[in-house]
Amino acid sequence: MSQEEGKVPQGQATGTDEADIASGDSASAQVPEVVAPSVPSRAAMPARITIKFQPVGSAPPLRKGRRTLLAPSTKTLKDVLDYFNSLLQQGASSGDAPPSAILYTRHISPPLDATIGTLALTFGRTSSKGTSLTLRYSLTPAYG
C-alpha cells in the first residue's frame, strides 16, 4: 500500500461521521482513550515529612523552635491543623477566644482529609535531606 492510497482527499468523508457516533456504531466510530492521571504510589512516598510553617498577612509568627514539624506522611491535614491550633492557643492570652488557623499550600487551601504525604509529593520539595512541605497559615481568609 503506497502512501497515496492511505490518504483521504480533502473534503471527503473518512467513514466516521456524526451519525455513526450518535447511533453508537462502535465499528466505525473511534473514541479517543481517556487516561486518568497517575496517583503517587506508596512506595514513592517518604515515611516522614518536614513541615515548615510560614505566617501570611497579620498572622502571628511562631517562636523559632516551633516553625517546623516532623510528621508521618500518613497524617492528615486535619491532624496537623489540630496540632497547629494548639500551638496558637499556647501563645494566646487567657482572655482571648481560641484562635483557629487556615492552612494554605501555594495560595490554595487543600482539603482537610488530604494526607501530608500526598501534599508533599504534589506541593513539597525533595532534597538530599528529605522531603519538606511549606504550609502558610492565616487567622483570617487570605488569597481572595
# chains A, B, ... in the order shown; residues from 1 in each chain; ligands from 1
>>> select_by_dssp(residues="stretch 72-112 of chain A", states="alpha helix (DSSP H)", output="short mmCIF file (atom, residue, chain, number, x, y, z; two decimals) with C-alpha atoms, in the first residue's frame")
data_model
loop_
_atom_site.label_atom_id
_atom_site.label_comp_id
_atom_site.auth_asym_id
_atom_site.auth_seq_id
_atom_site.Cartn_x
_atom_site.Cartn_y
_atom_site.Cartn_z
CA LEU A 77 -4.03 17.90 57.20
CA LYS A 78 -6.74 17.93 59.90
CA ASP A 79 -4.27 16.32 62.34
CA VAL A 80 -1.67 18.97 61.55
CA LEU A 81 -4.26 21.76 61.86
CA ASP A 82 -5.35 20.49 65.29
CA TYR A 83 -1.71 20.45 66.44
CA PHE A 84 -1.10 23.89 64.95
CA ASN A 85 -4.19 25.38 66.65
CA SER A 86 -2.94 24.01 69.99
CA LEU A 87 0.36 25.86 69.37
CA LEU A 88 -1.56 29.07 68.74
CA GLN A 89 -3.66 28.59 71.90
CA GLN A 90 -0.50 28.24 73.98
CA GLY A 91 0.72 31.61 72.69
#
>>> residues_around(residues="A:Arg48", least_positions_apart="2", cutoff="8 Å", atoms="only C-alpha atoms", output="PyMOL selection string")
chain A and resi 46+50+70-73+117+131
>>> atom_distance(atom1="atom CA of A:Thr134", atom2="atom CA of A:Thr118")
13.2 Å
>>> atom_distance(atom1="atom CA of A:Ala142", atom2="atom CA of A:Arg67")
19.7 Å
